[in-house]
>>> print(open('protein.cif').read())   # mmCIF, C-alpha atoms and all ligand atoms
data_protein
#
loop_
_atom_site.label_atom_id
_atom_site.label_comp_id
_atom_site.auth_asym_id
_atom_site.auth_seq_id
_atom_site.Cartn_x
_atom_site.Cartn_y
_atom_site.Cartn_z
CA MET A 195 -54.48 31.69 -20.84
CA ALA A 196 -54.14 32.10 -24.61
CA THR A 197 -54.68 29.06 -26.80
CA ASN A 198 -54.37 28.43 -30.51
CA ASP A 199 -57.29 26.17 -31.39
CA ASP A 200 -56.45 25.93 -35.05
CA GLY A 201 -52.84 25.03 -34.32
CA GLY A 202 -54.06 22.35 -31.91
CA ARG A 203 -56.39 20.83 -34.53
CA SER A 204 -53.65 20.74 -37.19
CA ARG A 205 -51.31 19.03 -34.78
CA ARG A 206 -53.96 16.43 -33.85
CA ASN A 207 -54.63 15.76 -37.57
CA PHE A 208 -50.94 15.32 -38.21
CA LEU A 209 -50.65 12.82 -35.36
CA ARG A 210 -53.69 10.86 -36.64
CA THR A 211 -52.30 10.59 -40.18
CA ALA A 212 -48.77 9.86 -39.11
CA GLY A 213 -49.86 6.92 -36.91
CA GLY A 214 -48.85 5.81 -33.45
CA ALA A 215 -45.23 5.01 -34.31
CA LEU A 216 -44.38 8.66 -34.41
CA LEU A 217 -45.62 9.19 -30.89
CA ALA A 218 -42.41 7.82 -29.49
CA SER A 219 -40.25 9.85 -31.87
CA PRO A 220 -37.81 12.36 -30.38
CA LEU A 221 -38.94 14.69 -33.18
CA LEU A 222 -42.08 15.45 -31.17
CA ALA A 223 -40.09 16.76 -28.23
CA ARG A 224 -38.80 19.64 -30.37
CA PRO A 225 -40.87 22.55 -31.66
CA ALA A 226 -41.71 22.30 -35.38
CA MET A 227 -39.43 24.24 -37.71
CA GLY A 228 -40.14 27.96 -37.59
CA GLN A 229 -42.44 27.63 -34.55
CA VAL A 230 -41.91 30.34 -31.92
CA PRO A 231 -43.20 28.98 -28.60
CA GLU A 232 -43.24 32.36 -26.83
CA LEU A 233 -45.42 34.11 -29.46
CA ASP A 234 -47.50 36.83 -27.86
CA LEU A 235 -50.94 35.40 -28.61
CA PRO A 236 -54.11 37.44 -28.06
CA GLU A 237 -56.47 36.67 -25.18
CA PRO A 238 -59.57 34.66 -26.12
CA PRO A 239 -62.38 37.11 -26.89
CA GLY A 240 -64.44 38.09 -23.85
CA ARG A 241 -67.52 40.31 -23.76
CA LYS A 242 -66.68 43.81 -24.89
CA LEU A 243 -68.29 46.52 -22.79
CA GLY A 244 -70.77 48.72 -24.65
CA TRP A 245 -69.83 52.41 -24.89
CA ALA A 246 -72.01 55.44 -25.63
CA VAL A 247 -70.12 58.44 -27.04
CA VAL A 248 -71.70 61.80 -26.11
CA GLY A 249 -70.95 64.82 -28.31
CA LEU A 250 -69.93 64.02 -31.87
CA GLY A 251 -67.34 66.72 -32.51
CA ARG A 252 -63.81 66.63 -33.86
CA LEU A 253 -62.32 64.43 -31.14
CA ALA A 254 -65.15 61.89 -31.17
CA ILE A 255 -65.31 61.58 -34.97
CA HIS A 256 -61.62 61.59 -35.83
CA GLN A 257 -60.06 59.83 -32.83
CA ILE A 258 -62.43 58.08 -30.46
CA LEU A 259 -64.82 56.32 -32.83
CA PRO A 260 -62.05 55.08 -35.17
CA ALA A 261 -60.03 53.90 -32.12
CA MET A 262 -62.88 51.59 -31.07
CA ALA A 263 -61.96 49.24 -33.93
CA GLY A 264 -58.65 48.52 -32.18
CA CYS A 265 -60.17 47.94 -28.73
CA ARG A 266 -60.18 44.48 -27.19
CA ARG A 267 -62.60 45.22 -24.36
CA SER A 268 -64.68 48.15 -25.64
CA ALA A 269 -67.18 48.61 -28.48
CA VAL A 270 -69.31 51.61 -29.44
CA THR A 271 -72.98 50.71 -29.03
CA ALA A 272 -74.71 54.12 -28.77
CA LEU A 273 -74.28 57.74 -29.86
CA VAL A 274 -75.61 60.95 -28.28
CA SER A 275 -75.80 64.10 -30.37
CA GLY A 276 -77.81 67.28 -30.87
CA ARG A 277 -77.70 66.67 -34.63
CA PRO A 278 -79.71 63.57 -35.59
CA GLU A 279 -78.58 63.43 -39.23
CA LYS A 280 -74.90 63.43 -38.23
CA ALA A 281 -75.60 60.76 -35.61
CA ARG A 282 -77.39 58.56 -38.19
CA ARG A 283 -74.52 58.84 -40.66
CA LEU A 284 -71.91 58.06 -38.03
CA ALA A 285 -74.02 55.14 -36.81
CA GLN A 286 -73.85 53.66 -40.33
CA VAL A 287 -70.10 54.14 -40.57
CA PHE A 288 -69.33 52.74 -37.11
CA ARG A 289 -72.09 50.07 -37.13
CA VAL A 290 -74.14 51.39 -34.25
CA ASP A 291 -77.71 50.09 -34.07
CA PRO A 292 -79.95 53.07 -35.05
CA LYS A 293 -82.24 52.28 -32.12
CA ASN A 294 -79.35 53.32 -29.82
CA LEU A 295 -79.21 56.96 -30.95
CA TYR A 296 -80.04 59.67 -28.39
CA ASP A 297 -80.18 63.43 -28.20
CA TYR A 298 -79.57 65.58 -25.14
CA GLU A 299 -83.25 65.40 -24.07
CA SER A 300 -83.63 61.62 -24.40
CA TYR A 301 -80.15 61.05 -22.86
CA ASP A 302 -81.42 59.94 -19.43
CA SER A 303 -83.38 57.06 -20.98
CA ILE A 304 -80.00 55.44 -21.69
CA ALA A 305 -80.55 54.03 -18.17
CA ARG A 306 -82.92 51.46 -19.71
CA ASN A 307 -80.45 50.36 -22.40
CA PRO A 308 -78.47 47.29 -21.35
CA ALA A 309 -76.27 47.65 -24.45
CA VAL A 310 -74.58 50.62 -22.75
CA ASP A 311 -72.19 50.01 -19.85
CA VAL A 312 -70.02 53.11 -20.18
CA VAL A 313 -70.65 56.71 -21.25
CA TYR A 314 -67.76 58.72 -22.75
CA VAL A 315 -68.42 62.46 -22.29
CA VAL A 316 -66.74 64.39 -25.16
CA LEU A 317 -68.64 67.67 -24.86
CA PRO A 318 -67.43 71.26 -24.31
CA ASN A 319 -65.92 71.63 -20.83
CA SER A 320 -68.88 73.43 -19.25
CA MET A 321 -71.11 70.43 -20.04
CA HIS A 322 -68.86 67.74 -18.51
CA ALA A 323 -70.29 67.93 -14.99
CA GLU A 324 -73.96 67.78 -15.99
CA TYR A 325 -73.60 64.94 -18.52
CA THR A 326 -71.30 62.94 -16.27
CA ILE A 327 -73.69 63.20 -13.33
CA ARG A 328 -76.73 62.32 -15.48
CA ALA A 329 -74.93 59.23 -16.83
CA LEU A 330 -73.88 58.13 -13.34
CA GLU A 331 -77.46 58.57 -12.14
CA ALA A 332 -78.54 56.42 -15.09
CA GLY A 333 -76.33 53.67 -13.64
CA LYS A 334 -73.52 53.93 -16.20
CA HIS A 335 -69.76 54.18 -15.67
CA VAL A 336 -68.26 57.41 -17.06
CA LEU A 337 -65.07 58.34 -18.87
CA CYS A 338 -64.98 62.16 -18.99
CA GLU A 339 -62.70 64.24 -21.22
CA LYS A 340 -60.22 66.73 -19.76
CA PRO A 341 -60.47 69.18 -18.13
CA MET A 342 -62.80 67.33 -15.78
CA ALA A 343 -65.03 70.44 -15.34
CA ASN A 344 -64.79 74.22 -15.13
CA THR A 345 -64.56 74.43 -11.32
CA PRO A 346 -63.32 72.30 -8.43
CA ALA A 347 -66.86 72.41 -6.99
CA ASP A 348 -68.23 70.71 -10.13
CA CYS A 349 -65.48 68.07 -9.90
CA GLU A 350 -66.50 67.39 -6.30
CA ARG A 351 -70.14 66.96 -7.37
CA MET A 352 -69.08 64.49 -10.07
CA ILE A 353 -67.00 62.46 -7.60
CA ALA A 354 -69.90 62.45 -5.11
CA ALA A 355 -72.30 61.26 -7.85
CA ALA A 356 -69.96 58.39 -8.74
CA LYS A 357 -69.76 57.37 -5.09
CA ALA A 358 -73.53 57.56 -4.63
CA SER A 359 -74.18 55.49 -7.77
CA GLY A 360 -71.49 52.89 -7.07
CA ARG A 361 -70.21 53.45 -10.62
CA LYS A 362 -66.67 54.29 -11.76
CA LEU A 363 -65.49 57.68 -12.97
CA MET A 364 -62.27 58.14 -14.94
CA ILE A 365 -60.77 61.25 -16.54
CA ALA A 366 -59.44 60.88 -20.09
CA TYR A 367 -55.79 61.70 -19.53
CA ARG A 368 -54.62 59.65 -22.50
CA LEU A 369 -50.87 60.20 -21.96
CA HIS A 370 -51.02 57.95 -18.89
CA TYR A 371 -51.84 55.08 -21.24
CA GLU A 372 -49.13 55.38 -23.90
CA PRO A 373 -45.53 54.13 -23.70
CA TYR A 374 -43.49 57.28 -24.52
CA ASN A 375 -44.80 59.24 -21.57
CA GLN A 376 -44.45 56.17 -19.37
CA ALA A 377 -40.81 55.76 -20.48
CA LEU A 378 -40.13 59.39 -19.49
CA VAL A 379 -41.82 58.77 -16.12
CA LYS A 380 -39.47 55.80 -15.62
CA PHE A 381 -36.43 57.92 -16.45
CA ALA A 382 -37.63 60.69 -14.11
CA ARG A 383 -38.35 58.44 -11.17
CA GLU A 384 -35.28 56.14 -11.32
CA ALA A 385 -32.40 57.82 -9.50
CA GLN A 386 -29.92 55.25 -10.91
CA GLN A 387 -30.44 56.87 -14.33
CA GLU A 388 -28.27 60.04 -14.16
CA GLY A 389 -29.28 60.83 -10.54
CA PRO A 390 -32.52 62.23 -9.12
CA THR A 391 -34.71 64.59 -11.14
CA GLN A 392 -33.90 68.24 -10.53
CA LEU A 393 -35.94 70.21 -13.06
CA ILE A 394 -38.94 69.52 -15.26
CA LEU A 395 -39.66 71.65 -18.31
CA ALA A 396 -43.13 71.14 -19.81
CA ASP A 397 -44.50 73.21 -22.68
CA ALA A 398 -47.81 72.68 -24.47
CA GLY A 399 -49.47 74.99 -26.94
CA PHE A 400 -50.90 75.60 -30.40
CA ASN A 401 -52.04 78.55 -32.46
CA ILE A 402 -55.82 78.46 -32.07
CA GLY A 403 -57.96 79.17 -35.15
CA ASP A 404 -61.65 80.09 -35.48
CA PRO A 405 -62.30 83.01 -33.11
CA THR A 406 -65.96 81.98 -32.72
CA GLN A 407 -65.31 78.52 -31.25
CA TRP A 408 -66.44 77.53 -27.74
CA ARG A 409 -62.81 77.16 -26.53
CA LEU A 410 -62.55 80.96 -26.62
CA ARG A 411 -65.81 81.56 -24.65
CA ARG A 412 -65.09 81.67 -20.94
CA ALA A 413 -68.49 80.32 -19.92
CA MET A 414 -68.00 77.15 -21.98
CA ALA A 415 -64.25 76.61 -21.68
CA GLY A 416 -63.71 77.71 -18.08
CA GLY A 417 -60.52 79.53 -19.09
CA GLY A 418 -58.10 79.78 -21.98
CA SER A 419 -55.03 77.85 -23.07
CA LEU A 420 -54.34 76.62 -19.53
CA MET A 421 -57.62 74.70 -19.23
CA ASP A 422 -57.35 73.19 -22.72
CA ILE A 423 -53.68 72.50 -23.48
CA GLY A 424 -51.62 73.81 -20.54
CA ILE A 425 -53.30 71.08 -18.49
CA TYR A 426 -50.97 68.62 -20.30
CA ALA A 427 -47.91 70.52 -19.03
CA LEU A 428 -49.36 70.53 -15.51
CA GLN A 429 -50.14 66.83 -15.72
CA ALA A 430 -46.61 66.10 -16.99
CA ALA A 431 -45.03 68.01 -14.10
CA ARG A 432 -47.14 65.97 -11.68
CA TYR A 433 -46.66 62.51 -13.18
CA LEU A 434 -42.97 63.02 -13.97
CA SER A 435 -42.16 64.20 -10.44
CA GLY A 436 -44.56 61.70 -8.87
CA GLU A 437 -45.33 64.42 -6.31
CA GLU A 438 -47.97 67.06 -5.61
CA PRO A 439 -46.85 70.71 -5.91
CA VAL A 440 -46.69 72.81 -2.73
CA SER A 441 -46.72 76.28 -4.33
CA VAL A 442 -47.11 78.03 -7.66
CA ASN A 443 -46.06 81.27 -9.41
CA ALA A 444 -47.59 82.38 -12.72
CA MET A 445 -47.94 85.05 -15.40
CA THR A 446 -50.44 85.39 -18.24
CA TYR A 447 -50.38 87.48 -21.41
CA SER A 448 -52.82 87.98 -24.29
CA THR A 449 -51.91 89.92 -27.43
CA PRO A 450 -53.76 93.25 -27.28
CA GLY A 451 -56.35 93.63 -30.03
CA ASP A 452 -56.40 89.91 -30.93
CA VAL A 453 -60.14 89.11 -31.21
CA ARG A 454 -59.54 85.54 -30.06
CA PHE A 455 -58.51 86.61 -26.58
CA THR A 456 -61.25 88.94 -25.40
CA GLU A 457 -62.57 86.43 -22.83
CA VAL A 458 -59.75 83.96 -22.18
CA GLU A 459 -55.97 84.09 -21.87
CA GLU A 460 -53.51 83.34 -24.68
CA HIS A 461 -50.25 82.45 -22.90
CA VAL A 462 -49.57 81.26 -19.34
CA THR A 463 -46.21 80.52 -17.81
CA PHE A 464 -46.20 78.85 -14.41
CA GLN A 465 -43.72 77.36 -12.01
CA LEU A 466 -44.40 74.60 -9.53
CA ARG A 467 -42.38 73.75 -6.44
CA PHE A 468 -42.51 70.09 -5.32
CA PRO A 469 -41.78 68.83 -1.78
CA SER A 470 -38.51 67.07 -2.75
CA GLY A 471 -37.12 70.31 -4.19
CA VAL A 472 -37.92 69.50 -7.82
CA LEU A 473 -38.96 72.65 -9.71
CA ALA A 474 -41.14 72.60 -12.84
CA ASN A 475 -41.20 75.41 -15.39
CA CYS A 476 -44.28 75.16 -17.61
CA THR A 477 -45.76 77.03 -20.57
CA SER A 478 -49.24 76.97 -22.05
CA SER A 479 -50.18 78.79 -25.24
CA TYR A 480 -53.02 79.43 -27.68
CA GLY A 481 -50.67 81.55 -29.78
CA ALA A 482 -47.67 79.29 -30.50
CA GLY A 483 -46.87 75.62 -31.07
CA LEU A 484 -45.23 74.03 -28.01
CA ASN A 485 -44.95 70.29 -27.54
CA ARG A 486 -42.11 69.20 -25.27
CA PHE A 487 -41.55 67.60 -21.84
CA ARG A 488 -37.98 67.44 -20.55
CA VAL A 489 -36.63 65.87 -17.35
CA VAL A 490 -33.29 67.36 -16.30
CA LYS A 491 -30.84 65.56 -14.01
CA ARG A 492 -27.32 66.45 -12.90
CA THR A 493 -25.51 64.39 -15.55
CA GLY A 494 -28.12 64.02 -18.26
CA TRP A 495 -31.65 64.62 -19.45
CA ALA A 496 -34.43 62.94 -21.41
CA GLU A 497 -37.20 64.54 -23.35
CA LEU A 498 -40.24 63.92 -25.50
CA GLU A 499 -40.75 66.16 -28.52
CA PRO A 500 -43.41 65.91 -29.72
CA ALA A 501 -44.73 64.89 -26.33
CA LEU A 502 -48.51 65.04 -26.66
CA ASN A 503 -49.51 64.45 -30.28
CA TYR A 504 -51.83 61.54 -31.02
CA THR A 505 -49.04 59.89 -33.08
CA GLY A 506 -45.38 60.38 -33.92
CA LEU A 507 -44.03 60.92 -30.39
CA ARG A 508 -40.24 60.97 -30.10
CA MET A 509 -37.95 60.37 -27.12
CA ARG A 510 -34.30 61.35 -26.86
CA ALA A 511 -31.85 61.23 -23.97
CA TRP A 512 -28.49 62.84 -23.27
CA ARG A 513 -26.55 60.30 -21.23
CA GLY A 514 -22.81 59.84 -20.71
CA GLY A 515 -22.11 62.60 -23.21
CA VAL A 516 -24.12 60.86 -25.95
CA LEU A 517 -27.44 61.84 -27.48
CA GLN A 518 -29.59 58.74 -27.95
CA GLU A 519 -32.91 58.13 -29.68
CA MET A 520 -35.17 56.08 -27.41
CA PRO A 521 -37.97 54.60 -29.55
CA GLN A 522 -40.90 53.07 -27.65
CA PRO A 523 -43.82 50.87 -28.71
CA VAL A 524 -46.55 52.80 -30.49
CA VAL A 525 -50.17 52.41 -29.36
CA ASP A 526 -53.44 54.17 -30.10
CA HIS A 527 -53.82 56.40 -27.02
CA PHE A 528 -57.61 56.34 -27.09
CA ALA A 529 -57.94 52.57 -27.56
CA ALA A 530 -55.48 51.99 -24.70
CA GLU A 531 -57.31 54.42 -22.43
CA MET A 532 -60.78 53.01 -23.20
CA ASP A 533 -59.63 49.43 -22.76
CA HIS A 534 -57.99 50.33 -19.44
CA PHE A 535 -61.31 51.68 -18.19
CA SER A 536 -63.26 48.65 -19.48
CA GLU A 537 -60.75 46.38 -17.76
CA CYS A 538 -61.12 48.29 -14.47
CA ILE A 539 -64.91 47.89 -14.70
CA GLN A 540 -64.60 44.19 -15.50
CA THR A 541 -62.12 43.48 -12.71
CA GLY A 542 -63.25 46.01 -10.09
CA ALA A 543 -59.88 47.83 -10.12
CA GLU A 544 -59.51 51.58 -9.60
CA PRO A 545 -58.67 53.45 -12.85
CA ARG A 546 -55.20 55.00 -13.03
CA THR A 547 -56.74 58.48 -13.60
CA PRO A 548 -59.90 58.62 -11.42
CA GLY A 549 -62.02 61.70 -10.67
CA GLY A 550 -59.65 62.79 -7.89
CA GLU A 551 -56.90 63.27 -10.48
CA GLY A 552 -59.06 65.74 -12.42
CA LEU A 553 -60.06 67.57 -9.23
CA ARG A 554 -56.40 68.04 -8.24
CA ASP A 555 -55.64 69.63 -11.62
CA LEU A 556 -58.61 71.98 -11.33
CA ARG A 557 -57.48 73.13 -7.88
CA ILE A 558 -53.93 73.76 -9.13
CA MET A 559 -55.17 75.59 -12.25
CA MET A 560 -57.30 77.87 -10.07
CA ALA A 561 -54.17 78.57 -7.98
CA ILE A 562 -52.22 79.32 -11.20
CA TYR A 563 -54.84 81.90 -12.22
CA GLU A 564 -54.77 83.37 -8.71
CA ALA A 565 -50.95 83.60 -8.75
CA ALA A 566 -51.03 85.32 -12.16
CA GLN A 567 -53.67 87.79 -11.04
CA SER A 568 -52.12 88.63 -7.68
CA GLY A 569 -48.47 88.45 -8.70
CA ARG A 570 -47.83 86.39 -5.55
CA THR A 571 -46.69 82.84 -4.89
CA VAL A 572 -49.80 80.82 -4.03
CA PRO A 573 -49.38 77.94 -1.57
CA LEU A 574 -51.24 74.72 -2.34
CA ALA A 575 -52.87 72.67 0.39
P1 LIG B 601 -65.83 70.03 -30.72
O1 LIG B 601 -66.28 71.45 -30.65
O2 LIG B 601 -65.23 69.55 -31.98
O3 LIG B 601 -67.05 69.06 -30.39
C1 LIG B 601 -67.90 69.23 -29.28
C2 LIG B 601 -69.24 68.58 -29.58
O4 LIG B 601 -70.07 68.78 -28.44
C3 LIG B 601 -70.01 69.22 -30.74
O5 LIG B 601 -69.66 68.70 -31.99
C4 LIG B 601 -71.44 68.91 -30.36
O6 LIG B 601 -71.73 67.59 -30.77
C5 LIG B 601 -71.42 68.87 -28.84
N1 LIG B 601 -72.03 70.08 -28.28
C6 LIG B 601 -73.18 70.09 -27.54
N2 LIG B 601 -73.49 71.34 -27.19
C7 LIG B 601 -72.58 72.15 -27.73
C8 LIG B 601 -72.41 73.56 -27.76
N3 LIG B 601 -73.23 74.39 -27.11
N4 LIG B 601 -71.35 74.08 -28.42
C9 LIG B 601 -70.48 73.26 -29.05
N5 LIG B 601 -70.60 71.92 -29.07
C10 LIG B 601 -71.65 71.36 -28.43
O7 LIG B 601 -64.85 69.80 -29.50
P2 LIG B 601 -63.73 68.67 -29.34
O8 LIG B 601 -64.23 67.39 -29.85
O9 LIG B 601 -62.45 69.19 -29.84
O10 LIG B 601 -63.57 68.63 -27.72
C11 LIG B 601 -64.53 68.00 -26.89
C12 LIG B 601 -63.91 67.71 -25.52
O11 LIG B 601 -62.79 66.85 -25.70
C13 LIG B 601 -63.37 68.93 -24.78
O12 LIG B 601 -63.61 68.80 -23.42
C14 LIG B 601 -61.87 68.91 -25.04
O13 LIG B 601 -61.12 69.50 -24.00
C15 LIG B 601 -61.62 67.43 -25.12
N6 LIG B 601 -60.49 67.10 -25.99
C16 LIG B 601 -59.57 66.20 -25.54
C17 LIG B 601 -58.51 65.84 -26.33
C18 LIG B 601 -57.58 64.79 -25.89
O14 LIG B 601 -56.55 64.60 -26.51
N7 LIG B 601 -57.89 64.04 -24.83
C19 LIG B 601 -58.29 66.47 -27.64
C20 LIG B 601 -59.36 67.35 -28.05
C21 LIG B 601 -60.40 67.65 -27.23
P3 LIG B 601 -73.15 67.20 -31.44
O15 LIG B 601 -73.24 68.07 -32.67
O16 LIG B 601 -73.00 65.77 -31.72
O17 LIG B 601 -74.20 67.52 -30.42
#
>>> encode(input="protein.cif", output="structure tokens", more="lines below")
Ligand code: NDP
Amino acid sequence: MATNDDGGRSRRNFLRTAGGALLASPLLARPAMGQVPELDLPEPPGRKLGWAVVGLGRLAIHQILPAMAGCRRSAVTALVSGRPEKARRLAQVFRVDPKNLYDYESYDSIARNPAVDVVYVVLPNSMHAEYTIRALEAGKHVLCEKPMANTPADCERMIAAAKASGRKLMIAYRLHYEPYNQALVKFAREAQQEGPTQLILADAGFNIGDPTQWRLRRAMAGGGSLMDIGIYALQAARYLSGEEPVSVNAMTYSTPGDVRFTEVEEHVTFQLRFPSGVLANCTSSYGAGLNRFRVVKRTGWAELEPALNYTGLRMRAWRGGVLQEMPQPVVDHFAAEMDHFSECIQTGAEPRTPGGEGLRDLRIMMAIYEAAQSGRTVPLA
């Protein structure tokens, strides 16, 4: 229950100075002028869980570490990096005790550090499984970036390691923790709003730069645009429908001669059939900017565009012949996601996006690649 200690003290002082006569006054039965009794006061501070961030690349430096400042239940207490000078500088900026800096060799000794409750794995995709399993074996809870791993078999090993260690494993699907995507889920799932969902259109893509980066190396990335950005379109189709797909069709294309796409695919289009009859048409691209999720019903639609940026999301709906803006509360996706996981650890609840969620996506993405390669519809178990 939230309290306002300072407000309480001021009120007590006022009562002392004003004397006992006022106690009987009807004035005291009314709130003071300008007082808003239903103010949304913050919770009293509890212990924040200590987080170690592993892999200090673009996402960790520009999103995750700055987001910690806005967390109510999570604080960065350790850093893991292959580059000690970078780790030392970031430790100064984000006030991490220099004795809590690790590299990839000393990583397992994090087991002996009580300042670390949770490990956030922000490494290239091929390293997710190993560093997640090592952290779980060190007795830490793990938040792992998407995609969960490069293969369903690795996902299964990660889930088994979490079970064996009795620690929690969550996949960092940040759009589950921000209000715009949740508002679109609500529109999609409520049949009273323009009828049941019929079609989902989900497109996610960007024009990838540096041809030497790990995202374009199959061994490190596990695949191309689908594994990195198309996974958001797949996720959207699944959380907007609230169902699991029963079959998939797909096509891929990579621009001939483009040095970026010698190992991994550029574009993927895929279609998912859901048990209720909902169809999803999805696009993933490393060659073009795409950033829209749309839910189509018989008498209207709602969409997010942009749908997956870190900030500046926008929702619009076509209802009753009118196009409406539907602004939602704005939150930091990473702070919300990290605090959700800390809260689950503190309360014993299951995270909204556990390891099983990542495994399901990997299985479907493998089926998408199979459908593209074979030219056939691939059924999903
Ligand atoms: P970066 O390439 O910017 O950073 C990866 C970091 O991993 C490097 O800086 C390095 O950190 C460490 N690393 C260790 N070994 C290697 C290696 N062999 N090659 C390259 N890096 C290595 O990647 P991102 O930060 O963009 O992505 C990291 C993960 O986060 C990916 O899984 C990606 O899919 C995910 N991601 C998720 C997003 C989201 O919105 N949820 C957005 C962007 C990425 P160090 O030097 O400290 O050792």
>>> atom_distance(input="protein.cif", atom1="CA of Gln522 (chain A)", atom2="CA of Thr505 (chain A)")
11.9 Å
>>> closest_residue(input="protein.cif", among="A:Tyr433, A:Tyr504, A:Tyr371, A:Trp245", to="ligand LIG 601 (chain B)", atoms="only C-alpha atoms and all ligand atoms")
A:Tyr504
>>> residues_around(input="protein.cif", residues="region 351-353 of chain A", least_positions_apart="6", cutoff="8 Å", atoms="all atoms listed in the file", output="ChimeraX atom specification")
/A:323,326-327,363,549-550
>>> write_last_selection(input="protein.cif", atoms="C-alpha atoms", output="short mmCIF file (atom, residue, chain, number, x, y, z; two decimals), in the frame of the given file")
data_model
loop_
_atom_site.label_atom_id
_atom_site.label_comp_id
_atom_site.auth_asym_id
_atom_site.auth_seq_id
_atom_site.Cartn_x
_atom_site.Cartn_y
_atom_site.Cartn_z
CA ALA A 323 -70.29 67.93 -14.99
CA THR A 326 -71.30 62.94 -16.27
CA ILE A 327 -73.69 63.20 -13.33
CA LEU A 363 -65.49 57.68 -12.97
CA GLY A 549 -62.02 61.70 -10.67
CA GLY A 550 -59.65 62.79 -7.89
#
>>> residues_around(input="protein.cif", residues="Glu339 (chain A)", least_positions_apart="2", cutoff="6 Å", atoms="only C-alpha atoms", output="PyMOL selection string")
chain A and resi 316+365-366
>>> residues_around(input="protein.cif", residues="region 379-388 of chain A", least_positions_apart="4", cutoff="8 Å", atoms="all atoms listed in the file", output="ChimeraX atom specification")
/A:375,433-436,489,491-496,513
>>> residues_near_point(input="protein.cif", point="(-63.1, 80.1, -21.3)", cutoff="12 Å", atoms="only C-alpha atoms", output="MDAnalysis selection string")
chainID A and resid 318:320 341 343:345 406:422 454:460 480
>>> closest_residue(input="protein.cif", among="A:Pro405, A:Ala272, A:Ala482, A:Ile539", to="Gly360 (chain A)", atoms="all atoms listed in the file")
A:Ile539
>>> closest_residue(input="protein.cif", among="A:Arg283, A:Arg266, A:His322, A:Arg467", to="ligand LIG 601 (chain B)", atoms="only C-alpha atoms and all ligand atoms")
A:His322
>>> residues_around(input="protein.cif", residues="Ala427 (chain A)", least_positions_apart="4", cutoff="8 Å", atoms="all atoms listed in the file", output="ChimeraX atom specification")
/A:396-398,423,431,476-478,487
>>> closest_residue(input="protein.cif", among="A:Ala543, A:Leu553, A:Leu243, A:Ala561", to="Lys340 (chain A)", atoms="all atoms listed in the file")
A:Leu553
>>> closest_residue(input="protein.cif", among="A:Leu337, A:Met560, A:Met520, A:Val247", to="Pro545 (chain A)", atoms="only C-alpha atoms")
A:Leu337
>>> closest_residue(input="protein.cif", among="A:Ala263, A:Arg306, A:Val274, A:Phe400", to="Arg289 (chain A)", atoms="only C-alpha atoms")
A:Ala263
>>> atom_distance(input="protein.cif", atom1="CA of Ala281 (chain A)", atom2="CA of Asp311 (chain A)")
19.4 Å
>>> residues_around(input="protein.cif", residues="Gln286 (chain A)", least_positions_apart="4", cutoff="12 Å", atoms="only C-alpha atoms", output="CSV table (one decimal) with C-alpha atoms, in the frame of the given file")
chain,number,residue,atom,x,y,z
A,270,VAL,CA,-69.3,51.6,-29.4
A,271,THR,CA,-73.0,50.7,-29.0
A,272,ALA,CA,-74.7,54.1,-28.8
A,273,LEU,CA,-74.3,57.7,-29.9
A,279,GLU,CA,-78.6,63.4,-39.2
A,280,LYS,CA,-74.9,63.4,-38.2
A,281,ALA,CA,-75.6,60.8,-35.6
A,282,ARG,CA,-77.4,58.6,-38.2
A,290,VAL,CA,-74.1,51.4,-34.2
A,291,ASP,CA,-77.7,50.1,-34.1
A,292,PRO,CA,-80.0,53.1,-35.0
A,293,LYS,CA,-82.2,52.3,-32.1
A,294,ASN,CA,-79.4,53.3,-29.8
A,295,LEU,CA,-79.2,57.0,-31.0
>>> atom_distance(input="protein.cif", atom1="atom P1 of ligand LIG 601 (chain B)", atom2="CA of Leu284 (chain A)")
15.3 Å
>>> axis_aligned_box(input="protein.cif", around="region 265-284 of chain A", padding_each_side="3 Å", output="JSON")
{"center_x": -69.9, "center_y": 55.9, "center_z": -32.5, "size_x": 25.5, "size_y": 28.8, "size_z": 22.3}
